[in-house]
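Trainee: Quick one: structure below, then a few questions.
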Amino acid sequence: MQATPVLPKPFKHCAPSLRVLAAGAAATALTSSLSGWAMAQSREVRVYSGRHYSSDNAIYERFTKATGIKVRLLESNDAAIIERLRREGKNSSADVMILVDAARLDNATREGMFQPIRSAELMRDVPLSLRDPQGRWFGLTRRVRALAVNSSVVNPKTVNTYADLAKPQLKGKLCLRNRSSVYNQSLVGDQMVLRGDAAATQWVKGMVNNLAEPVFSSDMSLARAVARGECGVGVVNSYYVARMLSGQTGAADKTLANKITIKYPNPAHLNVSGAGVTRYAKNKPEAIKLIEFLSSPTGGEGYASGSFEYPLKGFGNNPILRRFGNFKFDGVSASQLGSKTRAAIQLMAANGWQ
Ligand code: FE
């Protein structure tokens with residue numbers, strides 16, 4: 001059975017992609033023993049994914065080769081996937097849902113879209129700070145909310161923490177993405193946990209005061225503005241700049257990205273992309289197997305590296321990310337971030353973050 005496509009909705013994250021594929025059809029044909037072939041025919045896992053990186057497919061194919069379990073994949077943006085799952089209810093064909101950002105994972109959890117699972121492998125491979133303590137979702141990759149600096153406008157040595165972005169010296173030099181970005185909601189939630197509501201409020205006010213221009217609708221447009229010198233510093237997930245540097249988004253972006261210095265604030269706010277087994281999964285053992293594979297050191301390294309994210313442990317081997325240097329995790333867990341989302345949005349709205 002093949003999942004039918006969702007209708008993509010206006011996209012606030014990255015470019016939408018919508019595909020349904022049966023990864024590993026070729027691998028199935030290569031399976032030599034009859035019993036293996038029969039097993040591959042009968043076992044599958046159906047995935048709704050808010051990730052949209054072509055590099056993910058190679059990892060799903062590796063999973064199929066290793067296990068004989070076919071991956072049926074439906075990719076769209078997180079909002080469309082959640083809406084679809086909500087609409088389908090018990091009849092949903094999804095076994096696994098993959099979302100980006102702890103805030104979205106937490107929202108889906110609160111809606112009861114995931115079921116708790118037990119797995120010794122997941123306990124071992126996914127640090128507690130990167131998963132739901134009740135086992136309803138598990139981080140797969142880590143992403144860092146970084147400072148993108150144009151050194152001809154702002155000396156990178158003067159911005160070392162998120163708090164530095166509120167310094168009066170940066171007046172007219174800061175660029176931010178909009179409040180509706182879950183990446184920023186999680187960042188503000190992170191600072192509320194670490195520094196308390198009063199300090200976080202002053203920080204948001206200071207940043208709003210420093211804005212060079214109206215807030216951006218995407219990390220990519222913000223990164224380009226930093227490169228062009230419209231802003232001296234902005235806040236982006238570092239994988240966007242890495243992707244520009246790789247040439248994946250075109251030669252013009254590669255030239256622009258070379259004008260950006262990525263600084264990891266010390267300590268750094270980390271977020272995750274993560275997966276859970278859906279509440280009404282029809283293929284639960286296969287779903288658990290897939291999540292175990294994606295979070296294992298073997299499967300996870302490629303999953304993270306292909307999208308310029310970091311694996312769950314260590315800093316990975318992606319040569320572009322190595323150029324950005326290492327980071328020190330600030331210790332705020334993904335589930336703490338999720339629990340702060342609502343309060344963070346209120347704080348941002350009350351203090352002028354559009
Ligand atoms: Fe993104």
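Order determines the names: the first chain of the structure tokens is A, the second B, and so forth; residues in each chain are numbered 1 upward, and ligands are numbered 1 upward as they are shown.
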How would you report the residues lying within 10 Å of ligand 1, as a PyMOL selection string, if you count only C-alpha atoms and all ligand atoms?

Mentor: chain A and resi 12-15+50-52+100-101+143+181-183+218-220+236-240+273+307

Trainee: Do a neighbour search on range 334-347 of chain A at 9 Å with only C-alpha atoms, toss out local chain neighbours closer than 4 positions, and write the hits as a PyMOL selection string.

Mentor: chain A and resi 101-107+129-133+139+179-180+182+184-190+192-193+197+200-201+204+270-272+351-353

Trainee: Here is a test: counting only C-alpha atoms, which residue of A:Leu194, A:Leu170, A:Cys175, A:Ala304 is nearest to Ser55 in chain A?

Mentor: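 Between A:Leu194, A:Leu170, A:Cys175, A:Ala304, the residue approaching Ser55 in chain A most closely is A:Ala304.
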
Trainee: Would you give me, as a PyMOL selection string, the residues in range 157-272 of chain A that DSSP reads as alpha helix (DSSP H)?

Mentor: chain A and resi 182-210+219-227+238-246+251-257

Trainee: Write the residues you've just listed into a file as a compact mmCIF listing (two decimals), in the first residue's frame, and include N, CA and C atoms for each of them.

Mentor:
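This went into again.txt:
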```
# COMPACT_ATOMS: atom_id res chain seq x y z
N VAL A 182 9.85 28.38 14.68
CA VAL A 182 10.02 27.56 15.89
C VAL A 182 11.47 27.56 16.35
N TYR A 183 12.38 27.80 15.41
CA TYR A 183 13.80 27.85 15.81
C TYR A 183 14.03 28.98 16.81
N ASN A 184 13.38 30.11 16.55
CA ASN A 184 13.55 31.23 17.48
C ASN A 184 12.74 31.04 18.75
N GLN A 185 11.57 30.43 18.62
CA GLN A 185 10.77 30.14 19.83
C GLN A 185 11.58 29.24 20.77
N SER A 186 12.25 28.26 20.20
CA SER A 186 13.06 27.36 21.03
C SER A 186 14.27 28.08 21.62
N LEU A 187 14.86 28.99 20.84
CA LEU A 187 16.00 29.75 21.36
C LEU A 187 15.59 30.61 22.55
N VAL A 188 14.45 31.28 22.42
CA VAL A 188 13.98 32.12 23.53
C VAL A 188 13.62 31.24 24.73
N GLY A 189 12.98 30.11 24.48
CA GLY A 189 12.68 29.16 25.56
C GLY A 189 13.96 28.72 26.26
N ASP A 190 14.97 28.49 25.48
CA ASP A 190 16.28 28.08 26.01
C ASP A 190 16.85 29.14 26.96
N GLN A 191 16.77 30.39 26.54
CA GLN A 191 17.31 31.46 27.37
C GLN A 191 16.44 31.69 28.62
N MET A 192 15.14 31.43 28.50
CA MET A 192 14.26 31.53 29.68
C MET A 192 14.66 30.47 30.71
N VAL A 193 14.96 29.27 30.24
CA VAL A 193 15.38 28.20 31.16
C VAL A 193 16.71 28.56 31.81
N LEU A 194 17.64 29.04 31.01
CA LEU A 194 19.00 29.28 31.52
C LEU A 194 19.11 30.54 32.38
N ARG A 195 18.41 31.61 31.96
CA ARG A 195 18.66 32.91 32.58
C ARG A 195 17.46 33.47 33.32
N GLY A 196 16.34 32.80 33.19
CA GLY A 196 15.13 33.29 33.89
C GLY A 196 14.34 34.26 33.02
N ASP A 197 13.07 34.45 33.35
CA ASP A 197 12.18 35.24 32.51
C ASP A 197 12.58 36.71 32.45
N ALA A 198 13.02 37.27 33.59
CA ALA A 198 13.33 38.71 33.61
C ALA A 198 14.51 39.01 32.69
N ALA A 199 15.57 38.22 32.81
CA ALA A 199 16.75 38.45 31.96
C ALA A 199 16.42 38.20 30.50
N ALA A 200 15.61 37.17 30.25
CA ALA A 200 15.25 36.86 28.86
C ALA A 200 14.43 38.00 28.25
N THR A 201 13.58 38.61 29.08
CA THR A 201 12.77 39.74 28.59
C THR A 201 13.66 40.92 28.20
N GLN A 202 14.61 41.26 29.07
CA GLN A 202 15.53 42.37 28.76
C GLN A 202 16.34 42.07 27.51
N TRP A 203 16.71 40.82 27.38
CA TRP A 203 17.51 40.39 26.21
C TRP A 203 16.71 40.57 24.91
N VAL A 204 15.46 40.12 24.92
CA VAL A 204 14.62 40.25 23.71
C VAL A 204 14.41 41.74 23.38
N LYS A 205 14.14 42.54 24.41
CA LYS A 205 13.96 43.98 24.18
C LYS A 205 15.21 44.59 23.55
N GLY A 206 16.36 44.22 24.10
CA GLY A 206 17.64 44.76 23.58
C GLY A 206 17.85 44.37 22.13
N MET A 207 17.53 43.14 21.79
CA MET A 207 17.73 42.70 20.41
C MET A 207 16.78 43.42 19.46
N VAL A 208 15.53 43.56 19.88
CA VAL A 208 14.55 44.24 19.02
C VAL A 208 15.02 45.68 18.76
N ASN A 209 15.62 46.29 19.77
CA ASN A 209 16.18 47.64 19.65
C ASN A 209 17.33 47.72 18.66
N ASN A 210 18.03 46.61 18.49
CA ASN A 210 19.23 46.61 17.65
C ASN A 210 18.97 46.25 16.20
N ASP A 219 15.74 31.54 7.51
CA ASP A 219 17.16 31.60 7.87
C ASP A 219 18.01 31.90 6.64
N MET A 220 17.61 31.39 5.48
CA MET A 220 18.41 31.58 4.26
C MET A 220 18.45 33.05 3.85
N SER A 221 17.28 33.71 3.86
CA SER A 221 17.27 35.12 3.45
C SER A 221 18.07 35.95 4.45
N LEU A 222 18.03 35.57 5.72
CA LEU A 222 18.81 36.28 6.73
C LEU A 222 20.31 36.09 6.49
N ALA A 223 20.71 34.86 6.21
CA ALA A 223 22.14 34.58 5.97
C ALA A 223 22.65 35.40 4.78
N ARG A 224 21.83 35.48 3.75
CA ARG A 224 22.24 36.26 2.56
C ARG A 224 22.40 37.75 2.91
N ALA A 225 21.50 38.26 3.76
CA ALA A 225 21.57 39.67 4.16
C ALA A 225 22.84 39.94 4.98
N VAL A 226 23.21 38.99 5.83
CA VAL A 226 24.46 39.13 6.58
C VAL A 226 25.63 39.17 5.60
N ALA A 227 25.63 38.26 4.64
CA ALA A 227 26.74 38.19 3.67
C ALA A 227 26.86 39.49 2.89
N SER A 238 23.27 26.61 11.74
CA SER A 238 24.52 26.63 10.97
C SER A 238 24.44 25.78 9.71
N TYR A 239 23.52 24.79 9.66
CA TYR A 239 23.48 23.96 8.45
C TYR A 239 23.09 24.74 7.21
N TYR A 240 22.36 25.86 7.38
CA TYR A 240 22.01 26.66 6.19
C TYR A 240 23.26 27.25 5.55
N VAL A 241 24.16 27.79 6.39
CA VAL A 241 25.38 28.39 5.85
C VAL A 241 26.30 27.29 5.29
N ALA A 242 26.31 26.15 5.96
CA ALA A 242 27.12 25.02 5.46
C ALA A 242 26.63 24.59 4.08
N ARG A 243 25.32 24.54 3.92
CA ARG A 243 24.75 24.14 2.63
C ARG A 243 25.12 25.16 1.55
N MET A 244 25.08 26.44 1.91
CA MET A 244 25.50 27.47 0.95
C MET A 244 26.97 27.26 0.57
N LEU A 245 27.81 27.02 1.56
CA LEU A 245 29.25 26.83 1.30
C LEU A 245 29.52 25.62 0.42
N SER A 246 28.66 24.61 0.53
CA SER A 246 28.87 23.38 -0.24
C SER A 246 28.53 23.57 -1.72
N ALA A 251 25.91 28.72 -7.07
CA ALA A 251 27.23 29.38 -7.04
C ALA A 251 27.16 30.74 -6.35
N ALA A 252 26.04 31.45 -6.54
CA ALA A 252 25.92 32.78 -5.95
C ALA A 252 25.92 32.69 -4.42
N ASP A 253 25.19 31.69 -3.90
CA ASP A 253 25.17 31.49 -2.44
C ASP A 253 26.54 31.09 -1.90
N LYS A 254 27.27 30.31 -2.68
CA LYS A 254 28.60 29.88 -2.23
C LYS A 254 29.51 31.10 -2.06
N THR A 255 29.46 32.00 -3.03
CA THR A 255 30.26 33.23 -2.95
C THR A 255 29.83 34.05 -1.73
N LEU A 256 28.52 34.17 -1.53
CA LEU A 256 28.01 34.93 -0.38
C LEU A 256 28.45 34.31 0.94
N ALA A 257 28.33 32.99 1.02
CA ALA A 257 28.62 32.31 2.29
C ALA A 257 30.07 32.50 2.72
```

Trainee: Please identify the strand (DSSP E) residues within range 20-252 of chain A (assignment by DSSP from backbone atoms) and present them as JSON, numbers by chain.

Mentor: {"A": [20, 21, 22, 23, 44, 45, 46, 47, 48, 49, 70, 71, 72, 73, 74, 75, 96, 97, 98, 99, 100, 138, 139, 140, 141, 142, 143, 144, 145, 146, 147, 148, 149, 174, 175, 233, 234, 235, 236, 237]}

Trainee: At a cut-off of 10 Å, using only C-alpha atoms, what residues contact Lys263 in chain A? Leave out same-chain residues fewer than 3 positions from it and give the result as a list of chain:residue names.

Mentor: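 In the requested format, the answer is A:Arg145, A:Ala146, A:Leu147, A:Ala148, A:Val149, A:Pro156, A:Lys157, A:Val159, A:Asn160, A:Thr161, A:Val233, A:Val235, A:Ser238, A:Ile260, A:Asn266, A:Ala268, A:Phe324, A:Gly325, A:Asn326, A:Phe327.
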
Trainee: Set the distance at 6 Å and use only C-alpha atoms: which residues neighbour Arg177 in chain A once local chain neighbours fewer than 4 positions away are removed? I'd like the list as a PDB file with N, CA and C atoms, in the first residue's frame.

Mentor:
```pdb
ATOM      1  N   VAL A 215      12.169  41.857  10.503  1.00  0.00           N
ATOM      2  CA  VAL A 215      12.533  40.449  10.668  1.00  0.00           C
ATOM      3  C   VAL A 215      12.372  39.679   9.352  1.00  0.00           C
ATOM      4  N   PHE A 216      13.150  38.638   9.212  1.00  0.00           N
ATOM      5  CA  PHE A 216      13.167  37.837   7.989  1.00  0.00           C
ATOM      6  C   PHE A 216      12.205  36.649   8.116  1.00  0.00           C
ATOM      7  N   SER A 217      11.814  36.126   6.957  1.00  0.00           N
ATOM      8  CA  SER A 217      10.897  34.982   6.978  1.00  0.00           C
ATOM      9  C   SER A 217      11.627  33.652   6.908  1.00  0.00           C
TER      10      SER A 217
END
```

Trainee: Would you pick out the contacts of Val153 in chain A at 8 Å or less, using only C-alpha atoms, so that residues sharing its chain but fewer than 5 positions from it are not included, and give the list as JSON, numbers by chain?

Mentor: {"A": [173, 229, 231, 232]}

Trainee: Next, dump the selected residues to file, keeping only C-alpha atoms, as a PDB file, in the first residue's frame.

Mentor:
```
ATOM      1  CA  LYS A 173      23.484  45.881  13.018  1.00  0.00           C
ATOM      2  CA  GLY A 229      26.583  43.442   4.872  1.00  0.00           C
ATOM      3  CA  CYS A 231      23.495  43.253   8.981  1.00  0.00           C
ATOM      4  CA  GLY A 232      26.653  42.671  10.965  1.00  0.00           C
TER       5      GLY A 232
END
```

Trainee: Smallest atom-to-atom distance to Met113 in chain A: which of A:Gly300, A:Gly89, A:Gly250, A:Pro285, using only C-alpha atoms?

Mentor: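 When distances to Met113 in chain A are compared using only C-alpha atoms, the smallest one comes from A:Gly89.
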
Trainee: Can you pull out the residues contacting Lys90 in chain A? Cut-off 9 Å, using only C-alpha atoms, and skip same-chain residues under 4 positions away; I want them as a PyMOL selection string.

Mentor: chain A and resi 85+279-281

Trainee: Please produce a file of the residues just selected, as a PDB file, in the first residue's frame, where the atoms kept are C-alpha atoms.

Mentor:
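Final file, selection-v5.pdb:
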```
ATOM      1  CA  LEU A  85      -2.002  12.824  10.880  1.00  0.00           C
ATOM      2  CA  ARG A 279      -0.060   6.200  18.084  1.00  0.00           C
ATOM      3  CA  TYR A 280      -1.837   4.014  15.523  1.00  0.00           C
ATOM      4  CA  ALA A 281       1.233   2.474  13.872  1.00  0.00           C
TER       5      ALA A 281
END
```

Trainee: Go through A:Ser152, A:Asn283, A:Thr278, A:Asn178 and flag the residue nearest Tyr48 in chain A, using only C-alpha atoms for the distances.

Mentor: A:Thr278

Trainee: Which residue out of A:Lys282, A:Arg84, A:Lys328, A:Lys313 has the minimum interatomic distance to Arg43 in chain A when only C-alpha atoms are used?

Mentor: A:Lys282

Trainee: Would you kindly return, as a ChimeraX atom specification, each protein, DNA or RNA residue with an atom no farther than 8 Å from any atom of Gly306 in chain A, considering only C-alpha atoms and excluding same-chain residues fewer than 2 positions away?

Mentor: /A:53,55-56,302-304,308-309
